[in-house]
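Enquirer: File name my_file-v5.cif; file contents mmCIF, C-alpha atoms; full text below.
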```
data_data
#
loop_
_atom_site.label_atom_id
_atom_site.label_comp_id
_atom_site.auth_asym_id
_atom_site.auth_seq_id
_atom_site.Cartn_x
_atom_site.Cartn_y
_atom_site.Cartn_z
CA MET B 136 86.22 -4.14 -31.89
CA LYS B 137 86.95 -2.11 -35.03
CA THR B 138 90.61 -1.65 -35.96
CA LEU B 139 91.98 0.11 -39.04
CA THR B 140 95.50 0.22 -40.45
CA ILE B 141 96.31 3.61 -41.98
CA ASP B 142 99.33 4.58 -44.04
CA PHE B 143 99.81 8.35 -43.74
CA VAL B 144 101.99 9.77 -46.52
CA ARG B 145 103.45 13.25 -46.56
CA HIS B 146 102.99 14.98 -49.92
CA GLY B 147 105.90 15.33 -52.33
CA GLN B 148 108.28 18.28 -52.33
CA THR B 149 106.72 21.65 -53.22
CA LEU B 150 107.99 25.05 -54.28
CA PHE B 151 107.46 26.46 -50.77
CA ASN B 152 109.44 23.54 -49.32
CA ILE B 153 112.43 24.56 -51.44
CA LEU B 154 112.01 28.22 -50.49
CA ASN B 155 111.72 27.33 -46.77
CA LYS B 156 108.36 29.09 -46.51
CA LEU B 157 105.65 28.20 -44.00
CA GLN B 158 103.02 26.26 -45.92
CA GLY B 159 99.90 25.29 -44.03
CA TRP B 160 96.60 26.06 -45.72
CA ALA B 161 98.47 28.06 -48.36
CA ASP B 162 99.40 25.85 -51.29
CA SER B 163 102.21 25.64 -53.79
CA PRO B 164 102.71 23.12 -56.59
CA LEU B 165 104.77 19.96 -56.52
CA THR B 166 108.21 20.41 -58.02
CA GLU B 167 109.61 17.97 -60.57
CA ALA B 168 111.45 16.33 -57.68
CA GLY B 169 108.17 16.23 -55.73
CA ILE B 170 106.45 14.39 -58.56
CA THR B 171 109.35 11.94 -58.68
CA MET B 172 108.98 11.43 -54.91
CA ALA B 173 105.26 10.73 -55.28
CA ASP B 174 105.92 8.22 -58.04
CA ALA B 175 108.63 6.53 -55.95
CA THR B 176 106.25 6.24 -52.99
CA GLY B 177 103.67 4.75 -55.32
CA GLN B 178 106.17 2.14 -56.45
CA ARG B 179 107.00 1.23 -52.83
CA LEU B 180 103.30 0.85 -52.03
CA GLN B 181 102.13 -0.63 -55.32
CA ALA B 182 101.50 -4.13 -53.91
CA VAL B 183 99.62 -2.88 -50.82
CA HIS B 184 95.88 -3.50 -51.00
CA TYR B 185 94.02 -0.37 -49.91
CA ASP B 186 90.31 -0.46 -49.24
CA ARG B 187 89.99 3.29 -49.61
CA TYR B 188 92.10 6.33 -50.49
CA TYR B 189 91.96 9.67 -48.67
CA SER B 190 93.70 13.02 -49.04
CA SER B 191 93.81 16.48 -47.60
CA ASP B 192 91.81 18.82 -49.83
CA LEU B 193 94.96 20.84 -50.65
CA LYS B 194 96.24 20.35 -54.19
CA ARG B 195 99.75 19.25 -53.25
CA ALA B 196 98.27 16.35 -51.30
CA ILE B 197 95.66 15.44 -53.92
CA ASP B 198 98.30 15.40 -56.68
CA THR B 199 100.59 13.21 -54.58
CA ALA B 200 97.73 10.82 -53.81
CA GLN B 201 96.87 10.48 -57.47
CA HIS B 202 100.42 9.52 -58.40
CA ILE B 203 100.43 6.87 -55.66
CA ILE B 204 97.01 5.54 -56.67
CA ASN B 205 98.02 5.33 -60.34
CA ALA B 206 100.91 3.04 -59.40
CA ASN B 207 98.84 0.73 -57.19
CA GLN B 208 98.07 -2.77 -58.40
CA GLY B 209 94.59 -2.57 -56.88
CA HIS B 210 91.62 -0.39 -57.74
CA HIS B 211 92.12 3.10 -59.14
CA GLU B 212 89.80 5.88 -58.00
CA ALA B 213 90.08 9.48 -56.92
CA PRO B 214 90.87 9.96 -53.23
CA THR B 215 88.18 11.12 -50.84
CA THR B 216 89.28 14.62 -49.83
CA SER B 217 88.68 16.38 -46.53
CA PRO B 218 89.85 19.62 -44.90
CA LEU B 219 90.25 17.62 -41.68
CA PHE B 220 93.52 16.21 -43.08
CA ARG B 221 94.95 19.65 -43.89
CA GLU B 222 98.23 20.87 -42.52
CA VAL B 223 98.15 23.06 -39.43
CA TYR B 224 97.08 26.63 -40.22
CA PHE B 225 99.90 29.17 -39.82
CA GLY B 226 97.53 32.13 -40.06
CA SER B 227 99.24 35.45 -40.80
CA TYR B 228 102.57 33.64 -41.20
CA GLU B 229 101.53 31.64 -44.26
CA GLY B 230 104.23 32.05 -46.91
CA SER B 231 106.74 33.64 -44.49
CA ASP B 232 110.29 32.44 -43.96
CA ASN B 233 110.17 29.41 -41.66
CA ASP B 234 113.40 30.08 -39.75
CA GLN B 235 112.73 33.78 -39.19
CA VAL B 236 109.20 33.24 -37.88
CA TRP B 237 110.04 30.39 -35.53
CA GLY B 238 113.19 32.14 -34.32
CA ALA B 239 111.13 35.16 -33.29
CA ILE B 240 108.45 33.03 -31.63
CA ALA B 241 110.97 30.80 -29.81
CA ARG B 242 113.19 33.51 -28.29
CA PRO B 243 110.76 34.67 -25.56
CA LEU B 244 110.51 31.03 -24.46
CA GLY B 245 114.28 30.68 -24.21
CA CYS B 246 114.34 28.42 -27.28
CA THR B 247 115.91 28.57 -30.72
CA ASP B 248 113.24 27.19 -33.05
CA GLN B 249 110.03 25.13 -33.19
CA ALA B 250 111.77 21.80 -32.55
CA ASP B 251 113.46 23.29 -29.50
CA ILE B 252 110.11 24.50 -28.14
CA ILE B 253 108.70 20.99 -28.55
CA ARG B 254 111.72 19.43 -26.83
CA GLN B 255 111.80 21.86 -23.91
CA HIS B 256 108.07 22.36 -23.52
CA SER B 257 105.50 20.65 -25.77
CA PHE B 258 103.92 20.70 -29.19
CA THR B 259 100.91 22.49 -27.73
CA THR B 260 103.20 25.21 -26.36
CA ALA B 261 104.61 25.77 -29.86
CA ARG B 262 101.17 26.03 -31.44
CA ASP B 263 99.85 28.30 -28.69
CA ALA B 264 102.91 30.55 -28.96
CA MET B 265 102.36 31.02 -32.70
CA HIS B 266 98.67 31.74 -32.13
CA ARG B 267 99.52 34.44 -29.60
CA ALA B 268 102.24 35.97 -31.79
CA ASP B 269 100.05 36.04 -34.91
CA PRO B 270 98.89 39.67 -35.30
CA HIS B 271 95.42 38.43 -36.34
CA HIS B 272 95.46 35.34 -34.08
CA PHE B 273 94.44 33.21 -37.07
CA ALA B 274 97.08 30.50 -36.51
CA GLU B 275 95.64 27.29 -35.06
CA ASP B 276 96.36 26.84 -31.38
CA GLY B 277 97.16 23.44 -29.92
CA ALA B 278 93.66 22.55 -28.71
CA THR B 279 92.07 23.49 -32.04
CA PHE B 280 94.56 21.47 -34.05
CA TYR B 281 94.29 18.41 -31.79
CA HIS B 282 90.50 18.59 -32.01
CA ARG B 283 90.65 18.61 -35.81
CA ILE B 284 92.94 15.57 -35.81
CA ASP B 285 90.54 13.75 -33.48
CA GLN B 286 87.68 14.57 -35.85
CA ALA B 287 89.67 13.19 -38.78
CA LEU B 288 90.45 9.91 -37.04
CA ALA B 289 86.89 9.51 -35.76
CA GLN B 290 85.58 10.04 -39.30
CA LEU B 291 87.84 7.27 -40.63
CA LEU B 292 86.45 4.89 -38.01
CA THR B 293 82.87 5.84 -38.89
CA ASP B 294 83.29 5.50 -42.64
CA ASN B 295 85.24 2.23 -42.85
CA ALA B 296 84.88 -1.42 -41.84
CA ALA B 297 86.92 -3.37 -39.31
CA GLY B 298 90.20 -4.57 -40.76
CA ASP B 299 90.31 -2.03 -43.60
CA HIS B 300 93.66 -0.68 -44.79
CA LEU B 301 93.59 2.98 -45.78
CA LEU B 302 95.91 5.43 -47.53
CA VAL B 303 95.79 9.05 -46.30
CA VAL B 304 97.98 11.67 -47.99
CA SER B 305 98.48 14.54 -45.58
CA HIS B 306 101.17 16.91 -44.31
CA GLY B 307 104.31 17.01 -42.21
CA THR B 308 103.08 18.66 -39.03
CA PHE B 309 99.83 16.66 -39.10
CA ILE B 310 101.80 13.40 -39.29
CA ARG B 311 104.42 14.43 -36.74
CA THR B 312 101.67 15.41 -34.31
CA LEU B 313 100.12 11.95 -34.62
CA THR B 314 103.49 10.45 -33.80
CA LEU B 315 104.22 12.77 -30.88
CA ARG B 316 100.93 11.61 -29.39
CA PHE B 317 100.75 7.94 -30.35
CA GLY B 318 104.35 6.96 -31.09
CA PRO B 319 106.77 9.00 -28.98
CA GLN B 320 109.27 6.13 -29.06
CA PHE B 321 110.15 7.34 -32.58
CA HIS B 322 111.30 10.71 -31.16
CA PRO B 323 109.45 12.81 -33.76
CA GLU B 324 110.42 15.99 -31.89
CA ASN B 325 113.92 15.53 -33.32
CA ASN B 326 113.03 14.66 -36.93
CA TYR B 327 110.39 15.82 -39.34
CA PRO B 328 108.59 13.50 -41.81
CA ALA B 329 110.30 13.56 -45.20
CA ASN B 330 108.36 14.35 -48.36
CA GLY B 331 106.88 11.11 -49.65
CA SER B 332 107.54 9.23 -46.39
CA VAL B 333 105.09 6.70 -44.93
CA THR B 334 103.90 6.59 -41.30
CA THR B 335 101.67 3.67 -40.31
CA LEU B 336 99.02 4.01 -37.61
CA ARG B 337 96.83 1.32 -36.07
CA LEU B 338 93.53 2.92 -35.02
CA THR B 339 91.05 1.12 -32.74
CA ALA B 340 87.56 2.19 -31.72
CA GLN B 341 86.84 2.03 -27.99
CA GLU B 342 83.99 -0.28 -27.02
CA ALA B 343 82.95 1.13 -23.66
CA ALA B 344 82.82 4.81 -24.62
CA PRO B 345 83.05 7.04 -27.69
CA GLY B 346 86.59 7.58 -28.84
CA PHE B 347 89.57 5.58 -29.97
CA THR B 348 93.06 4.40 -29.17
CA ALA B 349 95.97 4.49 -31.59
CA GLU B 350 99.51 3.24 -32.00
CA VAL B 351 102.14 4.33 -34.50
CA LEU B 352 103.71 1.17 -35.97
CA ALA B 353 106.25 2.87 -38.25
CA TYR B 354 107.35 6.48 -38.72
CA ASN B 355 108.94 8.39 -41.57
CA GLN B 356 109.64 5.33 -43.72
CA GLN B 357 111.30 6.27 -47.00
#
```
For this file, produce the structure as structure tokens.
Expert:
Amino acid sequence: MKTLTIDFVRHGQTLFNILNKLQGWADSPLTEAGITMADATGQRLQAVHYDRYYSSDLKRAIDTAQHIINANQGHHEAPTTSPLFREVYFGSYEGSDNDQVWGAIARPLGCTDQADIIRQHSFTTARDAMHRADPHHFAEDGATFYHRIDQALAQLLTDNAAGDHLLVVSHGTFIRTLTLRFGPQFHPENNYPANGSVTTLRLTAQEAAPGFTAEVLAYNQQ
């Protein structure tokens, strides 16, 4: 049975984070504080032996990964990048004010914001509501986003050996979605992963049929 241990790290603070703008596939640079966060995460993880490094293909994640890798006491190499580890796509709402958009989407559901939709309904409801509200319907719906996450995890199992320990630098909603699904005891609906935080997942390939099981061992460690 193949089992991997994966440390998922949210990228450091960015300009859009400060401006409270929705930032999915749109990208903005790390701030000075974001670089400091990435370096601090690297120091916390410097003694961890990683067999391979991965990152979303968005620059804020790649830059964060490189700072962490530079601090590691093990091998230094560029992370393997993949669009599968990208943040959820906000479609027409990319770069818009986070509170205004989610307030407008939540009201017809009798909710106040995205977190309230997740608490009262589900994460899928929140994603589907944004997809419907998007004038161009570009925003990823729940099924599409979950499928992409499944593809990402399956690819990690295919590409790595049993017992490997991996670093994956990704994004807040991607990581929270993993935890909603595989670690609900951490109540991720009520708190969002901090920039530079570490969430650890144990991923196991199923023997009898294609697929996997997973368990979140730690969430939003700072």
Enquirer: So which one's closest to B:Thr259, B:Leu315, B:Leu301, B:Ala353, B:Leu165? Using only C-alpha atoms, please.
Expert: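 Closest residue, counting only C-alpha atoms: B:Leu315.
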Enquirer: Using all atoms listed in the file, find the one residue out of B:Asn233, B:Thr176, B:Thr166, B:Ser257 that sits nearest to B:Thr334.
Expert: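 Looking only at the distances to B:Thr334, the closest residue turns out to be B:Thr176.
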Enquirer: Give me the residues within 12 Å of stretch 152-159 of chain B as a VMD selection string, counting all atoms listed in the file and dropping any in the same chain fewer than 3 places off.
Expert: chain B and resid 146 to 149 162 to 169 191 to 196 218 220 to 237 273 to 275 280 305 to 309 329 to 330
Enquirer: Hey, can you check how far atom CA of B:Thr314 sits from atom CA of B:Arg262?
Expert: 15.9 Å
Enquirer: Decode the PyMOL selection byres ((chain B and resi 215) around 12) for the given file into explicit residues and return them as a PyMOL selection string.
Expert: chain B and resi 186-193+196-197+200-201+204+212-214+216-220+290-291+294+301-304
Enquirer: Would you compute the distance between atom CA of B:Ile170 and atom CA of B:Val183? Give it in Å to one decimal.
Expert: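 Separation of atom CA of B:Ile170 and atom CA of B:Val183: 20.1 Å.
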Enquirer: Between atom CA of B:Lys137 and atom CA of B:Arg337, what distance in Å does the model show, to one decimal?
Expert: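 Atom CA of B:Lys137 sits 10.5 Å away from atom CA of B:Arg337.
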Enquirer: For the structure shown, which residues end up in the PyMOL selection byres ((chain B and resi 203) around 8)? Put them as an mmCIF file with C-alpha atoms, in the frame of the given file, please?
Expert:
```cif
data_model
loop_
_atom_site.group_PDB
_atom_site.id
_atom_site.type_symbol
_atom_site.label_atom_id
_atom_site.label_comp_id
_atom_site.auth_asym_id
_atom_site.auth_seq_id
_atom_site.Cartn_x
_atom_site.Cartn_y
_atom_site.Cartn_z
ATOM 1 C CA ALA B 173 105.260 10.730 -55.280
ATOM 2 C CA ASP B 174 105.920 8.220 -58.040
ATOM 3 C CA THR B 176 106.250 6.240 -52.990
ATOM 4 C CA GLY B 177 103.670 4.750 -55.320
ATOM 5 C CA GLN B 178 106.170 2.140 -56.450
ATOM 6 C CA LEU B 180 103.300 0.850 -52.030
ATOM 7 C CA GLN B 181 102.130 -0.630 -55.320
ATOM 8 C CA THR B 199 100.590 13.210 -54.580
ATOM 9 C CA ALA B 200 97.730 10.820 -53.810
ATOM 10 C CA GLN B 201 96.870 10.480 -57.470
ATOM 11 C CA HIS B 202 100.420 9.520 -58.400
ATOM 12 C CA ILE B 204 97.010 5.540 -56.670
ATOM 13 C CA ASN B 205 98.020 5.330 -60.340
ATOM 14 C CA ALA B 206 100.910 3.040 -59.400
ATOM 15 C CA ASN B 207 98.840 0.730 -57.190
#
```
